[in-house]
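Chemist: My structure is below; once you've seen it, I'll send some questions.
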Protein chains: 2
Amino acid sequence: MSSSMTKGWPQQHPELLPFVPLVLAICRDGVLSRGDYETFCAHVAGMTQLSPSARDALARWLNPDTPPDRRALVLLREIVRGSASDSDAPTSLAQLGLLLHSGTAACVPWAEEASEALEEIQNALGFGGVEQVRALLAGDPLLTRAPRATAPEDAGPDPRPASMPPRNDGGATDTGRLATWMTGSHARTRAEVLELLERSELRPCGDGSREIASDEYRERTRAAVQLLADEGIGALGFPEAFGGADDPGGAIAAFETLAFGDLSVLVKFGVQFGLFGGSVSQLGTRRHHEAYLTQIATMQLPGCYAMTETGHGSNVRDLETTARYDHETRELVVNSPSKAAGKDWIGNAACHGRLATVFARLIVEGEDHGVHAMLVPIRNDDGTLASGVTIEDRGLKLGLNGVDNGRIWFHDVRVPVDNLLDRFASIDKNGLYSSPIASDGRRFFTMLRTLVAGRVSVGAAAVSASKKGLTIAVRYAARRRQFGPAGSGEIPILRYGAVQRRLLPRLATTYGLHFACRMLQERFEFPTVAEDPELEVLAAGLKAYASDHCVDVLQTAREVCGGQGYLAAHAFAALKADTDVFTTFEGANPVLYQLVAKGLLSRYREEMGDLSLRGALRYLGDRAETSITELNPLQTRRTESEHLRDEDFYKAALRYRKERMLRSAARRLRSRLSAGMDSFDAVNAVQTHLIGLARAHVEQVIATAFADRVEEAPPGRPREALTRLNALCALSMIEADRGWFLESGYIEPAKSRALRSEVDRLSGEVAQDSAMLIDGLGIPDALLPPIAHRP
Amino acid sequence: MSSSMTKGWPQQHPELLPFVPLVLAICRDGVLSRGDYETFCAHVAGMTQLSPSARDALARWLNPDTPPDRRALVLLREIVRGSASDSDAPTSLAQLGLLLHSGTAACVPWAEEASEALEEIQNALGFGGVEQVRALLAGDPLLTRAPRATAPEDAGPDPRPASMPPRNDGGATDTGRLATWMTGSHARTRAEVLELLERSELRPCGDGSREIASDEYRERTRAAVQLLADEGIGALGFPEAFGGADDPGGAIAAFETLAFGDLSVLVKFGVQFGLFGGSVSQLGTRRHHEAYLTQIATMQLPGCYAMTETGHGSNVRDLETTARYDHETRELVVNSPSKAAGKDWIGNAACHGRLATVFARLIVEGEDHGVHAMLVPIRNDDGTLASGVTIEDRGLKLGLNGVDNGRIWFHDVRVPVDNLLDRFASIDKNGLYSSPIASDGRRFFTMLRTLVAGRVSVGAAAVSASKKGLTIAVRYAARRRQFGPAGSGEIPILRYGAVQRRLLPRLATTYGLHFACRMLQERFEFPTVAEDPELEVLAAGLKAYASDHCVDVLQTAREVCGGQGYLAAHAFAALKADTDVFTTFEGANPVLYQLVAKGLLSRYREEMGDLSLRGALRYLGDRAETSITELNPLQTRRTESEHLRDEDFYKAALRYRKERMLRSAARRLRSRLSAGMDSFDAVNAVQTHLIGLARAHVEQVIATAFADRVEEAPPGRPREALTRLNALCALSMIEADRGWFLESGYIEPAKSRALRSEVDRLSGEVAQDSAMLIDGLGIPDALLPPIAHRP
């Protein structure tokens with residue numbers, strides 16, 4: 001179904017207008033469940049009031065084989081919001097549909113008598129209550145029906161407001177509308193987690209408000225994770241059959257929200273449910289699910305994810321631990337061949353873990369099949385070490401001291417062959433190894449790919465920590481007064497140009513990252529995702545960029561708070577120390593950036609390929625197009641504010657940089673390879689270019705995701721503020737790399753200077769909106785130090 | 001005495017060559033004691049072997065009223081090193097002189113028979129032993145005689161080698177020569193402190209190798225400072241009459257070296273001796289010195305420096321604490337008028353301090369004379385609080401938890417008027433206030449200026465911490481292997497382009513900062529310094545730049561070490577947390593940068609002044625010169641490696657940027673002021689420009705100081721490596737700001753791209769030298785985690 005047809009739909013068939021809210025709810029951003037579709041069609045088929053062509057249009061629209069595109073959904077949502085935002089709040093999607101219809105000038109015979117029909121569809125579908133109406137009107141792109149964690153019968157009106165902190169204005173103000181919209185999908189899960197975080201057992205204690213010894217801190221962290229398990233938060237992503245909610249998106253939303261609390265709890269939670277539970281769920285098969293998932297979900301079985309070795313951090317493909325298959329006993333014999341082959345930094349290992357997903361080279365009949373995952377008990381039920389297992393406590397760390405990291409060595413540890421997580425490879429009764437994926441390397445990377453949730457989650461957590469740091473710094477800077485014009489008292493430091501420059505471009509990028517990470521989460525969440533080739537690249541790139549950004553933001557925010565920022569009670573001590581390792585775990589950032597660059601290059605190679613003539617022509621075509629539309633002197637010299645703030649300018653600039661860097665990296669690599677250089681050395685020689693390319697790509701993704709979402713933002717002040725913030729996000733990225741843009745001739749010196757001034761100006765303007773924008777991040781006062789409470 | 005005369009000296013009078021080593025020792029980098037001069041002259045006068053013109057030349061050279069310039073000393077030292085480095089090591093300066101003479105082709109009658117005469121002079125002067133010879137040959141710019149802390153009779157041959165870590169090569173290798181030369185001035189003091197740092201009482205414990213509660217940590221830190229006091233390290237800068245060594249340079253050298261150890265000890269040490277002791281010494285007069293300095297030096301009287309208030313961090317001029325003079329009792333009555341007027345973050349306040357230097361507005365007969373310093377007891381001898389004093393423990397901090405910071409409030413605390421530190425203002429018997437400095441503002445800033453040692457010291461400590469972080473990361477990266485070309489095993493990560501790019505420009509800048517801070521320390525150390533108008537600007541700029549750099553270096557170094565860097569035992573936990581506040585204390589960096597910019601602007605204004613015609617002409621002249629010599633297309637387009645690495649290129653580029661930014665900032669300010677803008681608002685409007693200008697200035701200072709010292713470096717491999725490192729330091733600064741250079745037309749795009757490649761290339765080359773360069777930083781293994789021990 002083409003986009004133009006889609007767009008024309010409500011115009012061509014105004015009688016379908018009342019269905020729009022329900023359609024939006026059913027489509028749930030592009031993914032249509034066949035069950036919902038059939039229910040809907042069955043009811044619509046009986047509506048003789050509709051013309052056959054209208055029914056046809058509806059059926060085409062709702063065909064799950066050709067789902068509507070995102071753009072079309074956005075347009076429909078706009079229509080709904082544009083027509084309905086001024087009316088009295090309807091309490092169901094059916095009511096909203098009728099209101100829409102009555103509000104239009106286009107009068108059609110089909111009207112009030114359909115009310116019953118619509119209510120009927122709604123009841124049959126099992127959703128459509130007041131919460132969805134609110135979310136839809138607030139511009140929530142996803143929550144147009146209850147999150148899957150909740151059974152349909154519970155999905156009626158919810159006593160808790162969807163917006164995070166219950167404020168006096170009840171979400172009616174600009175700030176409330178922005179906060180609700182920013183909350184986005186899985187609002188109920190997020191609200192639940194926020195409420196839990198206010199419980200005393202979960203209150204941050206790594207924040208130094210009191211001193212805590214690491215033994216006590218570890219125990220407290222364990223208890224906190226147990227509490228989350230008891231509340232059903234840990235198992236959100238597991239299949240329903242095993243105590244879960246089959247809601248991987250909800251699981252990431254929960255993780256993202258937990259990052260507003262104590263980060264040791266977050267990480268131990270991630271180890272138990274994301275890494276350990278995730279590996280059993282994703283790499284195992286039914287027998288593993290049945291045997292373990294329920295126990296993992298309830299924390300009855302605390303576990304580890306034992307991949308990294310001392311000698312091999314980033315280079316996991318060359319892990320040394322071995323698992324030799326012994327056909328006589330049908331066991332795997334696990335060994336650490338050297339001290340450096342010890343599994344290192346393993347969370348949950350020093351104290352609490354009982355079972356571990358261990359990555360080891362699988363050796364069958366003397367043949368090394370590469371790295372595979374298997375379940376190996378490391379402690380007995382009474383907490384003593386399993387025979388053949390040695391564990392060393394990793395001791396004090398820079399941060400995250402509530403997590404018990406350890407090193408594990410195996411000495412002839414025997415486990416039944418059934419412990420092999422065998423989704424991608426198995427050993428049959430005859431002792432024969434087989435795998436649907438022939439190449440060891442490809443199989444291993446396929447296994448890793450199923451675990452992409454880890455990077456998606458860490459990226460999201462880094463964004464949450466950045467939001468928290470900025471909330472503290474911006475609110476403090478709005479309060480703290482120092483110096484001032486002669487005779488008129490001191491002024492808030494947020495009015496200083498230098499302070500605005502430090503905080504507000506970072507706030508803009510944090511918003512951009514929020515949208516980009518949410519976009520990534522949506523792609524991750526939907527079933528088609530497993531085949532989404534860009535997902536892995538995107539997850540790696542956003543994890544790396546968001547964690548680098550987090551370090552930078554927290555340092556800046558701490559400094560803006562001066563001595564107050566240095567007080568442990570003011571949160572930066574824990575925030576900085578705990579997030580520091582985000583740049584390293586789940587893949588060291590420089591390694592991830594290279595993965596991104598290689599992903600882009602291989603796509604480029606696919607496009608250019610060996611079709612040298614066509615490829616070269618297309619390449620030249622691109623260049624020609626660029627020189628005509630982008631490098632003409634009128635463009636490269638334009639310096640007016642309206643031009644610079646125009647989404648068309650900055651999106652094109654960021655796209656141009658990415659594409660040109662991509663071509664340049666490809667050329668550099670190709671020339672080295674054709675000169676006979678070893679491919680490893682060739683990549684090493686252009687490593688800084690590859691990292692630059694990856695960051696350019698990620699920045700383009702961020703600024704574009706921001707721009708895509710701005711048009712869905714609540715109209716009025718929120719959308720206007722976000723439009724400026726989007727420009728600040730993109731322009732500060734371009735400004736930071738203006739050396740490159742000048743080198744490439746994309747901008748001329750005068751334009752570069754104008755960009756700097758524009759970033760200054762925008763920072764000043766955004767400072768005016770900053771109270772609303774910070775409130776929009778939705779962190780409750782209870783999770784913030786007093787210097788950062790709402791005014 | 002003109003520099004050209006000086007240069008000609010040994011050529012014109014080769015018979016004076018044997019005196020050169022002694023002359024260098026006496027001159028001690030430009031400062032000549034009158035006693036040494038007279039001793040020397042008395043002996044020389046009796047040497048009839050010398051021609052009258054030679055004796056005359058010697059006398060002119062040694063006249064303390066016209067000391068030789070630095071440049072001339074450098075040349076002489078070159079002559080000595082050039083002639084003597086291959087000969088057998090002489091054991092005295094006299095012997096060295098004779099060797100020099102015998103080594104030259106110029107044959108003169110005056111020869112061996114003068115041996116006795118030289119030895120005699122040497123004995124009369126009381127120095128000239130093997131240690132000085134070694135230092136001189138190694139290129140030590142300052143230690144050409146024993147540090148003043150040591151009495152002449154102790155200054156004979158020293159069993160401890162001057163080079164830091166006793167290595168097998170005994171300093172004879174390139175590495176040893178580099179390390180000795182890098183040690184530089186006050187080598188004995190540095191060696192003493194390093195030796196102390198290896199004692200168990202002083203070993204870092206904030207490094208997390210074991211858990212320590214803050215109460216215990218504070219007590220341990222106090223004991224460590226007591227130990228340093230007992231060893232005479234604390235009082236180095238105090239007058240000899242009060243237990244000191246009258247050696248402010250030695251005090252800073254000690255502080256710089258202590259920064260290789262536990263930073264809580266460093267900071268508590270700095271509070272006691274630098275801030276508290278320094279304020280009594282610098283702001284007080286003889287009666288205060290007599291009453292307190294000896295007790296401060298021995299730690300019998302632990303004290304505080306109570307300046308900052310909760311409400312006023314950077315803006316100390318507007319402090320609120322009051323000290324009202326009561327003429328009846330001849331007392332000062334100290335009060336904190338509000339909660340926010342409490343003295344905040346005061347080191348030594350929570351537990352140990354007895355007496356405090358308190359900054360308060362002095363009110364005499366109802367008139368507020370602005371902020372003055374006075375001594376106020378805060379605790380009684382038994383450790384209980386003094387009457388009227390309230391102290392609150394600041395509790396846990398992000399780092400430096402061995403230091404007991406507190407808040408102090410005063411409620412009608414009465415002290416005798418004699419407690420006023422009255423070097424710059426006093427109240428006479430009749431209750432009349434008087435000061436040699438009429439303006440309250442100027443008086444206050446004069447007081448602050450005497451305390452510049454604090455910023456000099458913090459800058460030096462930040463450089464030490466950067467050295468430590470880089471030592472760990474570079475040594476680790478040289479060991480750690482990950483990935484590698486197919487079939488040839490994994491390679492050290494230091495061979496990766498991206499790792500080289502991250503570590504080596506930072507190593508280069510750290511070397512540059514080392515030289516710049518040493519240059520600052522020398523200027524600080526010599527008597528003329530109090531009147532050195534640039535000293536304050538330089539101290540502020542280098543403190544800000546070095547502490548920003550330190551944060552950046554430690555983050556990068558931690559990340560390069562991956563998970564290993566996150567282990568508390570590997571030092572980054574403490575290093576990062578403890579140095580974090582360096583960007584804030586002794587003046588928040590953005591405020592310091594503005595101070596630098598204002599200093600530059602006021603000098604510029606002095607030059608341009610109201611002499612509008614002359615000023616304008618000179619301005620235009622500058623511009624013309626620039627456009628001819630620097631902006632001609634041949635220059636802006638040159639891309640060859642030799643050109644880019646040429647000191648003339650990069651020094652000119654950095655100077656050009658500083659000067660153009662200065663003019664631009666002046667123009668921007670002037671146009672706003674002449675448009676009637678309030679001066680506070682005008683400065684705020686150009687704040688980011690001012691900060692940019694200040695950083696440009698500091699970078700010029702760093703690269704230039706580096707270049708100035710390279711020519712004195714030990715010849716051969718060390719000097720060659722430092723030459724490349726100097727280029728990398730400067731070019732990476734230019735590259736980082738290439739946007740500006742392109743905007744201004746100073747370089748063209750092709751040159752900008754060439755610069756990037758050159759930085760890549762240089763990073764690769766410097767990686768080859770990195771083992772030597774890291775050893776050259778001279779941190780003993782005992783102060784490093786095992787992952788960073790020498791190979």
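Chain labels run A, B, ... following the order of the structure tokens; each chain numbers its residues from 1, and ligands are numbered from 1 in the order shown.
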Could you list, as a CSV table (one decimal) with all heavy atoms, in the first residue's frame, every residue of chain B that has an atom within 6 Å of an atom of chain A, counting only C-alpha atoms?
Modeler:
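Written file, result-v3.csv:
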chain,number,residue,atom,x,y,z
B,208,GLY,N,41.5,1.9,47.1
B,208,GLY,CA,40.5,0.8,47.1
B,208,GLY,C,41.1,-0.6,47.2
B,208,GLY,O,40.4,-1.5,47.1
B,396,LEU,N,30.4,12.6,53.4
B,396,LEU,CA,31.0,11.9,52.3
B,396,LEU,C,31.0,12.8,51.0
B,396,LEU,O,30.1,13.5,50.7
B,396,LEU,CB,30.3,10.7,51.9
B,396,LEU,CG,30.6,9.5,52.8
B,396,LEU,CD1,29.9,8.2,52.3
B,396,LEU,CD2,32.1,9.2,52.9
B,397,LYS,N,32.2,12.7,50.3
B,397,LYS,CA,32.3,13.4,49.1
B,397,LYS,C,32.6,12.5,47.9
B,397,LYS,O,32.8,11.3,48.2
B,397,LYS,CB,33.5,14.4,49.2
B,397,LYS,CG,33.3,15.4,50.4
B,397,LYS,CD,34.5,16.4,50.5
B,397,LYS,CE,35.8,15.7,50.8
B,397,LYS,NZ,36.0,15.3,52.1
B,398,LEU,N,32.6,13.0,46.7
B,398,LEU,CA,32.9,12.2,45.6
B,398,LEU,C,34.3,11.6,45.7
B,398,LEU,O,34.5,10.4,45.2
B,398,LEU,CB,32.8,13.1,44.3
B,398,LEU,CG,32.7,12.5,42.9
B,398,LEU,CD1,32.0,13.5,42.0
B,398,LEU,CD2,34.0,12.1,42.4
B,485,PRO,N,46.4,-9.6,13.1
B,485,PRO,CA,46.3,-10.1,11.7
B,485,PRO,C,46.1,-11.6,11.7
B,485,PRO,O,46.5,-12.3,12.6
B,485,PRO,CB,47.6,-9.7,11.1
B,485,PRO,CG,48.3,-8.9,12.0
B,485,PRO,CD,47.8,-9.1,13.4
B,497,GLY,N,45.8,2.3,15.8
B,497,GLY,CA,45.8,3.7,15.5
B,497,GLY,C,44.9,4.5,16.4
B,497,GLY,O,45.3,5.5,16.9
B,498,ALA,N,43.7,3.9,16.8
B,498,ALA,CA,42.8,4.6,17.6
B,498,ALA,C,43.3,4.8,19.0
B,498,ALA,O,43.1,5.8,19.7
B,498,ALA,CB,41.4,3.9,17.6
B,562,GLY,N,40.2,-0.5,29.9
B,562,GLY,CA,39.0,-1.3,29.9
B,562,GLY,C,38.6,-1.7,31.3
B,562,GLY,O,38.7,-0.9,32.2
B,566,TYR,N,38.8,-0.3,35.7
B,566,TYR,CA,37.7,0.0,36.6
B,566,TYR,C,37.9,-0.7,38.0
B,566,TYR,O,37.2,-0.4,38.9
B,566,TYR,CB,36.4,-0.6,36.0
B,566,TYR,CG,35.1,-0.1,36.5
B,566,TYR,CD1,34.8,1.3,36.3
B,566,TYR,CD2,34.2,-0.9,37.1
B,566,TYR,CE1,33.6,1.8,36.8
B,566,TYR,CE2,33.0,-0.3,37.6
B,566,TYR,CZ,32.7,1.0,37.4
B,566,TYR,OH,31.5,1.5,37.8
B,567,LEU,N,39.0,-1.5,38.1
B,567,LEU,CA,39.3,-2.1,39.4
B,567,LEU,C,39.9,-1.1,40.3
B,567,LEU,O,40.8,-0.4,39.9
B,567,LEU,CB,40.3,-3.2,39.1
B,567,LEU,CG,40.4,-4.3,40.1
B,567,LEU,CD1,39.1,-5.1,40.2
B,567,LEU,CD2,41.5,-5.3,39.7
B,568,ALA,N,39.4,-0.9,41.5
B,568,ALA,CA,39.9,0.1,42.4
B,568,ALA,C,41.4,0.0,42.6
B,568,ALA,O,42.1,1.0,42.7
B,568,ALA,CB,39.1,0.1,43.7
B,573,ALA,N,40.2,4.7,40.2
B,573,ALA,CA,39.1,5.0,41.0
B,573,ALA,C,39.4,6.2,41.9
B,573,ALA,O,38.7,7.3,41.9
B,573,ALA,CB,38.7,3.8,41.9
B,584,THR,N,37.5,22.7,40.3
B,584,THR,CA,36.6,23.6,41.0
B,584,THR,C,37.3,24.4,42.1
B,584,THR,O,37.1,25.6,42.2
B,584,THR,CB,35.4,22.8,41.6
B,584,THR,OG1,34.7,22.2,40.6
B,584,THR,CG2,34.5,23.7,42.5
B,680,PHE,N,29.0,44.4,32.9
B,680,PHE,CA,28.8,43.0,33.3
B,680,PHE,C,28.1,42.3,32.2
B,680,PHE,O,28.5,41.2,31.8
B,680,PHE,CB,27.9,43.0,34.6
B,680,PHE,CG,27.6,41.6,35.0
B,680,PHE,CD1,28.4,40.9,35.8
B,680,PHE,CD2,26.4,41.1,34.6
B,680,PHE,CE1,28.1,39.6,36.2
B,680,PHE,CE2,26.0,39.8,35.0
B,680,PHE,CZ,26.9,39.0,35.8
B,684,ASN,N,29.4,39.2,29.8
B,684,ASN,CA,28.6,38.0,29.8
B,684,ASN,C,28.3,37.6,28.3
B,684,ASN,O,28.4,36.5,27.9
B,684,ASN,CB,27.3,38.1,30.6
B,684,ASN,CG,26.6,36.8,30.7
B,684,ASN,OD1,27.1,35.7,30.5
B,684,ASN,ND2,25.3,36.9,31.1
B,687,GLN,N,31.3,35.9,26.8
B,687,GLN,CA,31.9,35.0,27.7
B,687,GLN,C,32.6,33.8,27.0
B,687,GLN,O,33.7,33.4,27.3
B,687,GLN,CB,30.9,34.5,28.7
B,687,GLN,CG,31.4,34.1,30.1
B,687,GLN,CD,30.3,33.8,31.1
B,687,GLN,OE1,29.2,33.4,30.7
B,687,GLN,NE2,30.6,34.1,32.3
B,688,THR,N,31.9,33.2,26.1
B,688,THR,CA,32.5,32.0,25.4
B,688,THR,C,33.7,32.4,24.6
B,688,THR,O,34.7,31.7,24.5
B,688,THR,CB,31.5,31.3,24.5
B,688,THR,OG1,30.9,32.2,23.6
B,688,THR,CG2,30.4,30.6,25.3
B,738,ARG,N,40.9,23.2,14.4
B,738,ARG,CA,41.2,23.6,13.0
B,738,ARG,C,40.0,24.3,12.4
B,738,ARG,O,40.2,25.0,11.4
B,738,ARG,CB,41.5,22.3,12.2
B,738,ARG,CG,40.4,21.3,12.1
B,738,ARG,CD,41.0,20.0,11.5
B,738,ARG,NE,40.0,19.1,11.0
B,738,ARG,CZ,39.2,18.4,11.7
B,738,ARG,NH1,39.3,18.4,13.0
B,738,ARG,NH2,38.3,17.6,11.0
B,739,GLY,N,38.8,24.1,13.0
B,739,GLY,CA,37.7,24.9,12.6
B,739,GLY,C,38.0,26.4,12.6
B,739,GLY,O,37.8,27.2,11.7
B,743,GLU,N,38.4,28.9,9.5
B,743,GLU,CA,37.5,30.1,9.5
B,743,GLU,C,38.3,31.4,9.3
B,743,GLU,O,37.9,32.3,8.5
B,743,GLU,CB,36.8,30.3,10.8
B,743,GLU,CG,35.5,29.5,11.0
B,743,GLU,CD,34.9,29.6,12.4
B,743,GLU,OE1,35.4,30.5,13.1
B,743,GLU,OE2,34.0,28.8,12.7
B,749,PRO,N,41.8,24.2,3.4
B,749,PRO,CA,41.3,22.8,3.6
B,749,PRO,C,42.4,21.7,3.4
B,749,PRO,O,42.5,20.8,4.2
B,749,PRO,CB,40.2,22.7,2.6
B,749,PRO,CG,39.6,24.0,2.5
B,749,PRO,CD,40.8,25.0,2.6
Chemist: Could you pull out the strand (DSSP E) residues of range 256-410 of chain B from DSSP and send them as number ranges by chain?
Modeler: B: 303-306, 322-326, 331-335, 343-346, 355-364, 367-377, 389-393, 406-410
Chemist: Identify, on the basis of only C-alpha atoms, every residue whose closest approach to Ser338 in chain B does not exceed 9 Å; exclude the query and any residue fewer than 6 positions from it along the same chain; express the result as a compact mmCIF listing (two decimals) with N, CA, C and O atoms, in the first residue's frame.
Modeler:
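Final output, part_38.txt:
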# COMPACT_ATOMS: atom_id res chain seq x y z
N GLU B 320 30.08 37.34 53.00
CA GLU B 320 29.16 38.01 53.93
C GLU B 320 29.59 38.02 55.39
O GLU B 320 29.06 38.80 56.18
N THR B 321 30.48 37.10 55.75
CA THR B 321 30.93 37.06 57.13
C THR B 321 31.46 38.44 57.54
O THR B 321 32.16 39.09 56.76
N TRP B 409 30.25 28.25 61.14
CA TRP B 409 29.54 29.51 61.38
C TRP B 409 30.07 30.16 62.66
O TRP B 409 30.45 29.46 63.60
Chemist: Give me every alpha helix (DSSP H) residue in range 422-593 of chain A, going by DSSP on the backbone, as JSON, numbers by chain.
Modeler: {"A": [440, 441, 442, 443, 444, 445, 446, 447, 448, 449, 453, 454, 455, 456, 457, 458, 459, 460, 461, 462, 463, 464, 465, 466, 467, 468, 469, 470, 471, 472, 473, 474, 475, 476, 477, 478, 479, 497, 498, 499, 500, 501, 502, 503, 504, 505, 506, 507, 508, 509, 510, 511, 512, 513, 514, 515, 516, 517, 518, 519, 520, 521, 522, 523, 524, 525, 533, 534, 535, 536, 537, 538, 539, 540, 541, 542, 543, 544, 545, 546, 547, 548, 549, 550, 551, 552, 553, 554, 555, 556, 557, 558, 559, 560, 562, 563, 564, 565, 566, 572, 573, 574, 575, 576, 577, 578, 579, 589, 590, 591, 592, 593]}
Chemist: Show me, as a PyMOL selection string, the residues that have an atom within 8 Å of range 350-362 of chain A when counting only C-alpha atoms, minus same-chain residues fewer than 6 positions from it.
Modeler: chain A and resi 276+279-280+301-307+319-325+334+368-381+383+391-394+404-407
Chemist: Give me the residues near His288 in chain A as a list in words, where near means some atom within 9 Å (using only C-alpha atoms) and where sequence neighbours in that chain fewer than 6 positions away do not count.
Modeler: Val280, Ser281, Asp418, Asn419 and Leu421 of chain A
Chemist: Near Val458 in chain A, counting only C-alpha atoms, which residues have an atom at most 9 Å away, once you skip same-chain residues fewer than 6 positions from it, shown as a PyMOL selection string?
Modeler: chain A and resi 255-256+543+546-547+582+585-586
Chemist: Let's have the selection written as a PDB file, in the first residue's frame, with C-alpha atoms.
Modeler:
ATOM      1  CA  PHE A 255      15.496  -1.092  32.709  1.00  0.00           C
ATOM      2  CA  GLU A 256      15.578   2.448  31.343  1.00  0.00           C
ATOM      3  CA  LYS A 543      25.233   2.345  23.108  1.00  0.00           C
ATOM      4  CA  ALA A 546      25.106   7.419  24.631  1.00  0.00           C
ATOM      5  CA  SER A 547      27.686   6.132  27.105  1.00  0.00           C
ATOM      6  CA  PHE A 582      29.136   1.854  30.536  1.00  0.00           C
ATOM      7  CA  PHE A 585      30.955  -3.209  29.174  1.00  0.00           C
ATOM      8  CA  GLU A 586      28.689  -4.699  26.516  1.00  0.00           C
TER       9      GLU A 586
END
Chemist: May I have the residues within 12 Å of Ser439 in chain A as a list in words, using only C-alpha atoms and disregarding those fewer than 4 positions away in the same chain?
Modeler: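 The residues that qualify are His369, Gly370, Val371, Phe424, Ala425, Ser434, Ser435, Arg443, Phe444, Phe445 and Thr446 of chain A.
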Chemist: Can you measure CA of Ile493 in chain B to CA of Ala478 in chain B for me? One decimal in Å is fine.
Modeler: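 We find that CA of Ile493 in chain B and CA of Ala478 in chain B lie 6.6 Å from each other.
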Chemist: Could you please determine the separation between CA of Phe260 in chain A and CA of Pro786 in chain A in Å, to one decimal place?
Modeler: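 Taking CA of Phe260 in chain A and CA of Pro786 in chain A, their separation equals 15.2 Å.
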